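Q: The following file, target29.cif, comprises mmCIF, N, CA and C atoms and all ligand atoms:
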data_run
loop_
_atom_site.label_atom_id
_atom_site.label_comp_id
_atom_site.auth_asym_id
_atom_site.auth_seq_id
_atom_site.Cartn_x
_atom_site.Cartn_y
_atom_site.Cartn_z
N MET A 1484 -23.58 -5.08 0.84
CA MET A 1484 -22.11 -5.09 0.79
C MET A 1484 -21.61 -6.54 0.76
N ASP A 1485 -20.70 -6.86 -0.18
CA ASP A 1485 -20.18 -8.23 -0.21
C ASP A 1485 -18.98 -8.37 0.73
N MET A 1486 -18.50 -9.60 0.85
CA MET A 1486 -17.43 -9.85 1.84
C MET A 1486 -16.13 -9.12 1.50
N TYR A 1487 -15.91 -8.89 0.20
CA TYR A 1487 -14.68 -8.20 -0.18
C TYR A 1487 -14.76 -6.72 0.19
N GLN A 1488 -15.95 -6.16 0.01
CA GLN A 1488 -16.13 -4.76 0.43
C GLN A 1488 -16.04 -4.64 1.95
N GLU A 1489 -16.52 -5.65 2.64
CA GLU A 1489 -16.39 -5.66 4.11
C GLU A 1489 -14.94 -5.71 4.52
N ASN A 1490 -14.15 -6.48 3.77
CA ASN A 1490 -12.71 -6.57 4.05
C ASN A 1490 -12.05 -5.20 3.86
N ILE A 1491 -12.44 -4.50 2.80
CA ILE A 1491 -11.89 -3.17 2.54
C ILE A 1491 -12.26 -2.22 3.68
N LEU A 1492 -13.49 -2.28 4.10
CA LEU A 1492 -13.94 -1.41 5.19
C LEU A 1492 -13.21 -1.75 6.50
N ASP A 1493 -12.97 -3.03 6.72
CA ASP A 1493 -12.25 -3.45 7.92
C ASP A 1493 -10.82 -2.91 7.91
N HIS A 1494 -10.16 -2.99 6.76
CA HIS A 1494 -8.79 -2.46 6.67
C HIS A 1494 -8.78 -0.94 6.81
N TYR A 1495 -9.84 -0.31 6.33
CA TYR A 1495 -9.92 1.15 6.45
C TYR A 1495 -10.07 1.55 7.92
N LYS A 1496 -10.94 0.83 8.61
CA LYS A 1496 -11.19 1.16 10.03
C LYS A 1496 -10.05 0.70 10.93
N HIS A 1497 -9.43 -0.42 10.56
CA HIS A 1497 -8.35 -0.99 11.38
C HIS A 1497 -7.14 -1.26 10.49
N PRO A 1498 -6.48 -0.22 10.01
CA PRO A 1498 -5.35 -0.44 9.11
C PRO A 1498 -4.23 -1.22 9.78
N ARG A 1499 -3.63 -2.15 9.03
CA ARG A 1499 -2.55 -2.99 9.57
C ARG A 1499 -1.21 -2.30 9.33
N ASN A 1500 -0.30 -2.53 10.26
CA ASN A 1500 1.10 -2.09 10.10
C ASN A 1500 1.29 -0.58 9.99
N LYS A 1501 0.40 0.14 10.67
CA LYS A 1501 0.56 1.59 10.67
C LYS A 1501 1.75 1.96 11.55
N GLY A 1502 2.50 2.98 11.18
CA GLY A 1502 3.62 3.45 11.99
C GLY A 1502 4.72 3.98 11.12
N LYS A 1503 5.88 4.08 11.70
CA LYS A 1503 6.99 4.75 11.06
C LYS A 1503 8.25 3.96 11.40
N ILE A 1504 9.20 3.88 10.48
CA ILE A 1504 10.48 3.20 10.78
C ILE A 1504 11.60 4.22 10.63
N GLU A 1505 12.30 4.45 11.72
CA GLU A 1505 13.49 5.32 11.64
C GLU A 1505 14.58 4.54 10.91
N GLY A 1506 15.26 5.21 9.99
CA GLY A 1506 16.35 4.54 9.27
C GLY A 1506 15.86 3.48 8.30
N ALA A 1507 14.69 3.70 7.71
CA ALA A 1507 14.16 2.75 6.73
C ALA A 1507 15.07 2.72 5.50
N ASP A 1508 15.12 1.56 4.83
CA ASP A 1508 15.94 1.45 3.61
C ASP A 1508 15.23 2.09 2.43
N PHE A 1509 13.91 1.97 2.41
CA PHE A 1509 13.12 2.62 1.37
C PHE A 1509 12.02 3.42 2.05
N GLN A 1510 11.81 4.61 1.54
CA GLN A 1510 10.78 5.46 2.15
C GLN A 1510 10.27 6.41 1.08
N HIS A 1511 8.97 6.63 1.08
CA HIS A 1511 8.43 7.63 0.15
C HIS A 1511 7.07 8.10 0.64
N ARG A 1512 6.81 9.37 0.42
CA ARG A 1512 5.50 9.95 0.75
C ARG A 1512 4.81 10.30 -0.56
N GLU A 1513 3.69 9.64 -0.80
CA GLU A 1513 2.98 9.85 -2.06
C GLU A 1513 1.61 10.48 -1.82
N PRO A 1514 1.43 11.72 -2.23
CA PRO A 1514 0.10 12.32 -2.12
C PRO A 1514 -0.68 12.13 -3.43
N ASN A 1515 -1.97 12.08 -3.34
CA ASN A 1515 -2.80 12.19 -4.54
C ASN A 1515 -3.11 13.67 -4.70
N PRO A 1516 -2.52 14.30 -5.71
CA PRO A 1516 -2.69 15.76 -5.84
C PRO A 1516 -4.14 16.18 -6.07
N LEU A 1517 -4.96 15.24 -6.53
CA LEU A 1517 -6.35 15.59 -6.82
C LEU A 1517 -7.18 15.82 -5.56
N CYS A 1518 -6.77 15.16 -4.46
CA CYS A 1518 -7.61 15.22 -3.26
C CYS A 1518 -6.81 15.50 -1.99
N GLY A 1519 -5.48 15.36 -2.07
CA GLY A 1519 -4.67 15.60 -0.87
C GLY A 1519 -4.50 14.38 0.01
N ASP A 1520 -5.12 13.27 -0.35
CA ASP A 1520 -4.92 12.04 0.43
C ASP A 1520 -3.47 11.60 0.27
N VAL A 1521 -2.98 10.86 1.26
CA VAL A 1521 -1.55 10.55 1.23
C VAL A 1521 -1.26 9.16 1.81
N VAL A 1522 -0.21 8.53 1.27
CA VAL A 1522 0.34 7.30 1.84
C VAL A 1522 1.86 7.48 1.91
N GLU A 1523 2.41 7.24 3.10
CA GLU A 1523 3.86 7.30 3.27
C GLU A 1523 4.33 5.94 3.75
N ILE A 1524 5.28 5.37 3.01
CA ILE A 1524 5.72 3.99 3.29
C ILE A 1524 7.16 3.97 3.80
N TYR A 1525 7.44 3.03 4.71
CA TYR A 1525 8.78 2.81 5.24
C TYR A 1525 9.06 1.31 5.13
N VAL A 1526 10.18 0.95 4.49
CA VAL A 1526 10.51 -0.46 4.33
C VAL A 1526 11.91 -0.72 4.87
N LYS A 1527 12.03 -1.74 5.68
CA LYS A 1527 13.33 -2.15 6.21
C LYS A 1527 13.68 -3.51 5.62
N MET A 1528 14.89 -3.60 5.04
CA MET A 1528 15.34 -4.83 4.42
C MET A 1528 16.46 -5.46 5.26
N ALA A 1529 16.57 -6.77 5.19
CA ALA A 1529 17.72 -7.48 5.76
C ALA A 1529 17.89 -8.77 4.97
N ASP A 1530 19.11 -9.10 4.62
CA ASP A 1530 19.39 -10.27 3.79
C ASP A 1530 18.55 -10.29 2.52
N GLY A 1531 18.33 -9.12 1.95
CA GLY A 1531 17.61 -9.04 0.68
C GLY A 1531 16.11 -9.19 0.78
N LYS A 1532 15.59 -9.22 2.00
CA LYS A 1532 14.13 -9.40 2.15
C LYS A 1532 13.53 -8.33 3.05
N VAL A 1533 12.23 -8.11 2.87
CA VAL A 1533 11.52 -7.16 3.72
C VAL A 1533 11.37 -7.75 5.12
N VAL A 1534 11.95 -7.07 6.11
CA VAL A 1534 11.80 -7.57 7.49
C VAL A 1534 10.84 -6.69 8.29
N ASP A 1535 10.60 -5.49 7.79
CA ASP A 1535 9.63 -4.64 8.48
C ASP A 1535 9.07 -3.65 7.45
N LEU A 1536 7.80 -3.38 7.58
CA LEU A 1536 7.16 -2.41 6.69
C LEU A 1536 6.10 -1.68 7.50
N LYS A 1537 6.18 -0.38 7.50
CA LYS A 1537 5.17 0.42 8.19
C LYS A 1537 4.71 1.53 7.25
N TRP A 1538 3.58 2.09 7.58
CA TRP A 1538 3.10 3.18 6.73
C TRP A 1538 2.20 4.11 7.52
N GLU A 1539 2.12 5.31 7.01
CA GLU A 1539 1.22 6.31 7.58
C GLU A 1539 0.39 6.85 6.44
N GLY A 1540 -0.77 7.35 6.74
CA GLY A 1540 -1.56 7.92 5.67
C GLY A 1540 -2.90 8.39 6.16
N SER A 1541 -3.55 9.11 5.28
CA SER A 1541 -4.92 9.53 5.57
C SER A 1541 -5.61 9.74 4.24
N GLY A 1542 -6.90 9.48 4.25
CA GLY A 1542 -7.63 9.69 3.02
C GLY A 1542 -8.83 8.77 2.89
N CYS A 1543 -9.25 8.58 1.66
CA CYS A 1543 -10.47 7.83 1.39
C CYS A 1543 -10.30 6.35 1.74
N ALA A 1544 -11.43 5.68 1.90
CA ALA A 1544 -11.42 4.27 2.32
C ALA A 1544 -10.62 3.41 1.36
N ILE A 1545 -10.79 3.60 0.08
CA ILE A 1545 -10.14 2.70 -0.87
C ILE A 1545 -8.62 2.91 -0.90
N SER A 1546 -8.18 4.15 -0.76
CA SER A 1546 -6.72 4.38 -0.77
C SER A 1546 -6.07 3.79 0.48
N GLN A 1547 -6.69 4.00 1.61
CA GLN A 1547 -6.10 3.54 2.86
C GLN A 1547 -6.21 2.02 3.00
N ALA A 1548 -7.35 1.48 2.60
CA ALA A 1548 -7.53 0.03 2.71
C ALA A 1548 -6.64 -0.70 1.72
N SER A 1549 -6.50 -0.18 0.51
CA SER A 1549 -5.67 -0.91 -0.47
C SER A 1549 -4.20 -0.87 -0.06
N ALA A 1550 -3.76 0.23 0.55
CA ALA A 1550 -2.38 0.27 1.06
C ALA A 1550 -2.22 -0.78 2.16
N SER A 1551 -3.16 -0.82 3.08
CA SER A 1551 -3.10 -1.77 4.19
C SER A 1551 -3.08 -3.21 3.68
N ILE A 1552 -3.94 -3.51 2.72
CA ILE A 1552 -4.06 -4.87 2.19
C ILE A 1552 -2.80 -5.26 1.39
N LEU A 1553 -2.33 -4.35 0.55
CA LEU A 1553 -1.11 -4.64 -0.24
C LEU A 1553 0.08 -4.84 0.69
N TYR A 1554 0.28 -3.92 1.61
CA TYR A 1554 1.48 -3.95 2.45
C TYR A 1554 1.49 -5.15 3.39
N GLU A 1555 0.30 -5.58 3.77
CA GLU A 1555 0.19 -6.75 4.65
C GLU A 1555 0.82 -7.99 4.02
N ASN A 1556 0.88 -7.98 2.70
CA ASN A 1556 1.37 -9.16 1.97
C ASN A 1556 2.86 -9.10 1.63
N LEU A 1557 3.57 -8.11 2.10
CA LEU A 1557 4.92 -7.90 1.59
C LEU A 1557 6.06 -8.35 2.50
N LEU A 1558 5.77 -8.74 3.72
CA LEU A 1558 6.85 -9.20 4.61
C LEU A 1558 7.50 -10.43 4.01
N GLY A 1559 8.84 -10.45 4.01
CA GLY A 1559 9.56 -11.61 3.49
C GLY A 1559 9.83 -11.56 2.00
N LYS A 1560 9.28 -10.57 1.31
CA LYS A 1560 9.49 -10.47 -0.14
C LYS A 1560 10.89 -9.91 -0.45
N THR A 1561 11.43 -10.32 -1.58
CA THR A 1561 12.72 -9.78 -2.03
C THR A 1561 12.44 -8.49 -2.81
N GLU A 1562 13.52 -7.75 -3.06
CA GLU A 1562 13.36 -6.50 -3.81
C GLU A 1562 12.82 -6.79 -5.21
N ASP A 1563 13.29 -7.88 -5.82
CA ASP A 1563 12.78 -8.25 -7.15
C ASP A 1563 11.29 -8.52 -7.11
N GLU A 1564 10.84 -9.19 -6.06
CA GLU A 1564 9.41 -9.49 -5.94
C GLU A 1564 8.59 -8.21 -5.75
N LEU A 1565 9.17 -7.25 -5.04
CA LEU A 1565 8.47 -5.97 -4.86
C LEU A 1565 8.39 -5.22 -6.17
N ASN A 1566 9.47 -5.32 -6.96
CA ASN A 1566 9.55 -4.55 -8.20
C ASN A 1566 8.55 -5.02 -9.26
N VAL A 1567 8.08 -6.26 -9.16
CA VAL A 1567 7.14 -6.74 -10.18
C VAL A 1567 5.68 -6.53 -9.78
N LEU A 1568 5.45 -5.98 -8.60
CA LEU A 1568 4.06 -5.73 -8.20
C LEU A 1568 3.46 -4.68 -9.14
N ASN A 1569 2.21 -4.88 -9.49
CA ASN A 1569 1.57 -3.95 -10.43
C ASN A 1569 0.09 -3.78 -10.08
N VAL A 1570 -0.58 -3.01 -10.91
CA VAL A 1570 -1.99 -2.71 -10.67
C VAL A 1570 -2.83 -3.99 -10.62
N GLU A 1571 -2.53 -4.93 -11.52
CA GLU A 1571 -3.30 -6.18 -11.54
C GLU A 1571 -3.21 -6.90 -10.20
N LYS A 1572 -2.00 -6.89 -9.63
CA LYS A 1572 -1.81 -7.58 -8.35
C LYS A 1572 -2.63 -6.90 -7.25
N VAL A 1573 -2.64 -5.57 -7.26
CA VAL A 1573 -3.41 -4.84 -6.25
C VAL A 1573 -4.90 -5.17 -6.39
N LEU A 1574 -5.38 -5.18 -7.62
CA LEU A 1574 -6.81 -5.45 -7.84
C LEU A 1574 -7.14 -6.89 -7.44
N GLU A 1575 -6.20 -7.79 -7.68
CA GLU A 1575 -6.39 -9.19 -7.28
C GLU A 1575 -6.52 -9.28 -5.75
N LEU A 1576 -5.69 -8.52 -5.04
CA LEU A 1576 -5.75 -8.55 -3.58
C LEU A 1576 -7.04 -7.92 -3.07
N LEU A 1577 -7.51 -6.87 -3.74
CA LEU A 1577 -8.73 -6.19 -3.30
C LEU A 1577 -9.96 -7.06 -3.56
N GLN A 1578 -9.88 -7.89 -4.60
CA GLN A 1578 -10.95 -8.82 -4.96
C GLN A 1578 -12.30 -8.14 -5.14
N THR A 1579 -12.26 -6.95 -5.67
CA THR A 1579 -13.53 -6.29 -5.96
C THR A 1579 -13.33 -5.37 -7.15
N GLU A 1580 -14.41 -4.99 -7.75
CA GLU A 1580 -14.35 -4.07 -8.89
C GLU A 1580 -13.94 -2.69 -8.41
N VAL A 1581 -13.05 -2.06 -9.15
CA VAL A 1581 -12.70 -0.68 -8.83
C VAL A 1581 -13.11 0.19 -10.00
N ASN A 1582 -13.96 1.13 -9.73
CA ASN A 1582 -14.40 2.09 -10.72
C ASN A 1582 -13.17 2.82 -11.28
N PRO A 1583 -13.07 2.98 -12.61
CA PRO A 1583 -11.90 3.65 -13.18
C PRO A 1583 -11.59 5.00 -12.53
N ALA A 1584 -12.61 5.70 -12.09
CA ALA A 1584 -12.40 7.01 -11.46
C ALA A 1584 -11.71 6.88 -10.11
N ARG A 1585 -11.77 5.68 -9.53
CA ARG A 1585 -11.14 5.46 -8.21
C ARG A 1585 -9.80 4.74 -8.32
N MET A 1586 -9.34 4.53 -9.54
CA MET A 1586 -8.12 3.74 -9.72
C MET A 1586 -6.91 4.40 -9.05
N LYS A 1587 -6.88 5.73 -9.09
CA LYS A 1587 -5.76 6.43 -8.45
C LYS A 1587 -5.79 6.20 -6.93
N CYS A 1588 -6.99 6.12 -6.38
CA CYS A 1588 -7.13 5.81 -4.95
C CYS A 1588 -6.59 4.41 -4.67
N ALA A 1589 -7.02 3.46 -5.49
CA ALA A 1589 -6.68 2.05 -5.25
C ALA A 1589 -5.20 1.78 -5.40
N THR A 1590 -4.50 2.63 -6.16
CA THR A 1590 -3.08 2.36 -6.43
C THR A 1590 -2.14 3.33 -5.72
N LEU A 1591 -2.67 4.15 -4.83
CA LEU A 1591 -1.81 5.12 -4.13
C LEU A 1591 -0.70 4.41 -3.34
N GLY A 1592 -1.05 3.33 -2.66
CA GLY A 1592 -0.06 2.58 -1.89
C GLY A 1592 0.97 1.91 -2.78
N LEU A 1593 0.51 1.41 -3.94
CA LEU A 1593 1.42 0.78 -4.90
C LEU A 1593 2.42 1.81 -5.43
N VAL A 1594 1.93 2.97 -5.80
CA VAL A 1594 2.81 4.02 -6.34
C VAL A 1594 3.80 4.47 -5.27
N ALA A 1595 3.34 4.58 -4.03
CA ALA A 1595 4.26 4.95 -2.94
C ALA A 1595 5.38 3.92 -2.83
N LEU A 1596 5.02 2.65 -2.91
CA LEU A 1596 6.03 1.58 -2.84
C LEU A 1596 6.99 1.67 -4.02
N GLN A 1597 6.44 1.82 -5.23
CA GLN A 1597 7.29 1.85 -6.44
C GLN A 1597 8.27 3.02 -6.38
N LYS A 1598 7.80 4.18 -5.94
CA LYS A 1598 8.70 5.34 -5.88
C LYS A 1598 9.72 5.18 -4.75
N ALA A 1599 9.31 4.54 -3.67
CA ALA A 1599 10.26 4.27 -2.59
C ALA A 1599 11.39 3.39 -3.11
N LEU A 1600 11.04 2.37 -3.88
CA LEU A 1600 12.05 1.45 -4.42
C LEU A 1600 12.98 2.15 -5.41
N GLN A 1601 12.44 3.15 -6.09
CA GLN A 1601 13.27 3.92 -7.04
C GLN A 1601 14.13 4.95 -6.32
N GLY A 1602 13.98 5.02 -5.00
CA GLY A 1602 14.82 5.94 -4.25
C GLY A 1602 14.29 7.35 -4.17
N GLN A 1603 13.01 7.52 -4.58
CA GLN A 1603 12.42 8.86 -4.48
C GLN A 1603 11.94 9.09 -3.07
N LYS A 1604 12.30 10.21 -2.50
CA LYS A 1604 11.87 10.51 -1.12
C LYS A 1604 10.49 11.14 -1.12
FE1 LIG B 1 -8.18 10.75 -2.46
FE2 LIG B 1 -9.17 8.45 -2.96
S1 LIG B 1 -10.27 10.30 -2.87
S2 LIG B 1 -7.08 8.91 -2.81
#
Translate the structure of the given file into structure tokens.
Ligand code: FES
A:
Amino acid sequence: MDMYQENILDHYKHPRNKGKIEGADFQHREPNPLCGDVVEIYVKMADGKVVDLKWEGSGCAISQASASILYENLLGKTEDELNVLNVEKVLELLQTEVNPARMKCATLGLVALQKALQGQK
């Protein structure tokens, strides 16, 4: 196992920023219909920036770790900065190869964020 895979395993075992925000400005629950794994995100904004972000979820290591790793990087970001996040950015943060069959796992947290920003509950 390389250091990047160890990082993924660490985030899976010890996910960062787990929890729930009452009265979040953006919130969305995104399931992967293929497996039932889920990521639910809560974002609180103030002065146009992310001041708090929490999430809940359960599922495979890559879905949970990639949500944890992506979300860990979002405090202080503006809505515009959140809106330009994409698959490439997630893969850059994961720093490891993702098998095409696992791409839906790796991007579950990203999709949850994108739909939250679009106002989808
Ligand atoms: Fe369900 Fe990965 S196997 S999101």
Q: So which residues touch Asn1566 in chain A within 12 Å, counting only C-alpha atoms, skipping near sequence neighbours fewer than 5 positions away, as a VMD selection string?
A: chain A and resid 1557 1560 to 1561 1572 1593 to 1594 1596 to 1601
Q: Give the residue list for ligand LIG 1 (chain B) at 6.5 Å, counting only N, CA and C atoms and all ligand atoms, as a list in words, sorted by chain and then by residue number.
A: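 Written in the requested form, the residues are Asn1515, Leu1517, Cys1518, Gly1519, Asp1520, Val1521, Gly1542, Cys1543, Ala1544, Ile1545, Ser1546, Arg1585, Lys1587, Cys1588 and Ala1589 of chain A.
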Q: Keeping only N, CA and C atoms, write the selected residues to a file as a PDB file, in the frame of the given file.
A:
ATOM      1  N   ASN A1515      -1.970  12.080  -3.340  1.00  0.00           N
ATOM      2  CA  ASN A1515      -2.800  12.190  -4.540  1.00  0.00           C
ATOM      3  C   ASN A1515      -3.110  13.670  -4.700  1.00  0.00           C
ATOM      4  N   LEU A1517      -4.960  15.240  -6.530  1.00  0.00           N
ATOM      5  CA  LEU A1517      -6.350  15.590  -6.820  1.00  0.00           C
ATOM      6  C   LEU A1517      -7.180  15.820  -5.560  1.00  0.00           C
ATOM      7  N   CYS A1518      -6.770  15.160  -4.460  1.00  0.00           N
ATOM      8  CA  CYS A1518      -7.610  15.220  -3.260  1.00  0.00           C
ATOM      9  C   CYS A1518      -6.810  15.500  -1.990  1.00  0.00           C
ATOM     10  N   GLY A1519      -5.480  15.360  -2.070  1.00  0.00           N
ATOM     11  CA  GLY A1519      -4.670  15.600  -0.870  1.00  0.00           C
ATOM     12  C   GLY A1519      -4.500  14.380   0.010  1.00  0.00           C
ATOM     13  N   ASP A1520      -5.120  13.270  -0.350  1.00  0.00           N
ATOM     14  CA  ASP A1520      -4.920  12.040   0.430  1.00  0.00           C
ATOM     15  C   ASP A1520      -3.470  11.600   0.270  1.00  0.00           C
ATOM     16  N   VAL A1521      -2.980  10.860   1.260  1.00  0.00           N
ATOM     17  CA  VAL A1521      -1.550  10.550   1.230  1.00  0.00           C
ATOM     18  C   VAL A1521      -1.260   9.160   1.810  1.00  0.00           C
ATOM     19  N   GLY A1542      -6.900   9.480   4.250  1.00  0.00           N
ATOM     20  CA  GLY A1542      -7.630   9.690   3.020  1.00  0.00           C
ATOM     21  C   GLY A1542      -8.830   8.770   2.890  1.00  0.00           C
ATOM     22  N   CYS A1543      -9.250   8.580   1.660  1.00  0.00           N
ATOM     23  CA  CYS A1543     -10.470   7.830   1.390  1.00  0.00           C
ATOM     24  C   CYS A1543     -10.300   6.350   1.740  1.00  0.00           C
ATOM     25  N   ALA A1544     -11.430   5.680   1.900  1.00  0.00           N
ATOM     26  CA  ALA A1544     -11.420   4.270   2.320  1.00  0.00           C
ATOM     27  C   ALA A1544     -10.620   3.410   1.360  1.00  0.00           C
ATOM     28  N   ILE A1545     -10.790   3.600   0.080  1.00  0.00           N
ATOM     29  CA  ILE A1545     -10.140   2.700  -0.870  1.00  0.00           C
ATOM     30  C   ILE A1545      -8.620   2.910  -0.900  1.00  0.00           C
ATOM     31  N   SER A1546      -8.180   4.150  -0.760  1.00  0.00           N
ATOM     32  CA  SER A1546      -6.720   4.380  -0.770  1.00  0.00           C
ATOM     33  C   SER A1546      -6.070   3.790   0.480  1.00  0.00           C
ATOM     34  N   ARG A1585     -11.770   5.680  -9.530  1.00  0.00           N
ATOM     35  CA  ARG A1585     -11.140   5.460  -8.210  1.00  0.00           C
ATOM     36  C   ARG A1585      -9.800   4.740  -8.320  1.00  0.00           C
ATOM     37  N   LYS A1587      -6.880   5.730  -9.090  1.00  0.00           N
ATOM     38  CA  LYS A1587      -5.760   6.430  -8.450  1.00  0.00           C
ATOM     39  C   LYS A1587      -5.790   6.200  -6.930  1.00  0.00           C
ATOM     40  N   CYS A1588      -6.990   6.120  -6.380  1.00  0.00           N
ATOM     41  CA  CYS A1588      -7.130   5.810  -4.950  1.00  0.00           C
ATOM     42  C   CYS A1588      -6.590   4.410  -4.670  1.00  0.00           C
ATOM     43  N   ALA A1589      -7.020   3.460  -5.490  1.00  0.00           N
ATOM     44  CA  ALA A1589      -6.680   2.050  -5.250  1.00  0.00           C
ATOM     45  C   ALA A1589      -5.200   1.780  -5.400  1.00  0.00           C
TER      46      ALA A1589
END
Q: With a distance cut-off of 9 Å and only C-alpha atoms, select the neighbouring residues of Ala1550 in chain A, excluding the residue or stretch itself and same-chain residues fewer than 4 positions from it, and output the selection as a PyMOL selection string.
A: chain A and resi 1494+1498+1522+1538+1540+1545-1546+1554-1555+1573+1589-1593
Q: Would you work out the distance separating CA of Lys1496 in chain A from CA of Pro1583 in chain A, expressed in Å to one decimal?
A: 23.4 Å
Q: Find the distance between CA of Asn1582 in chain A and atom N of Gln1547 in chain A and write it in Å to one decimal.
A: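 Those two atoms sit 14.7 Å apart.
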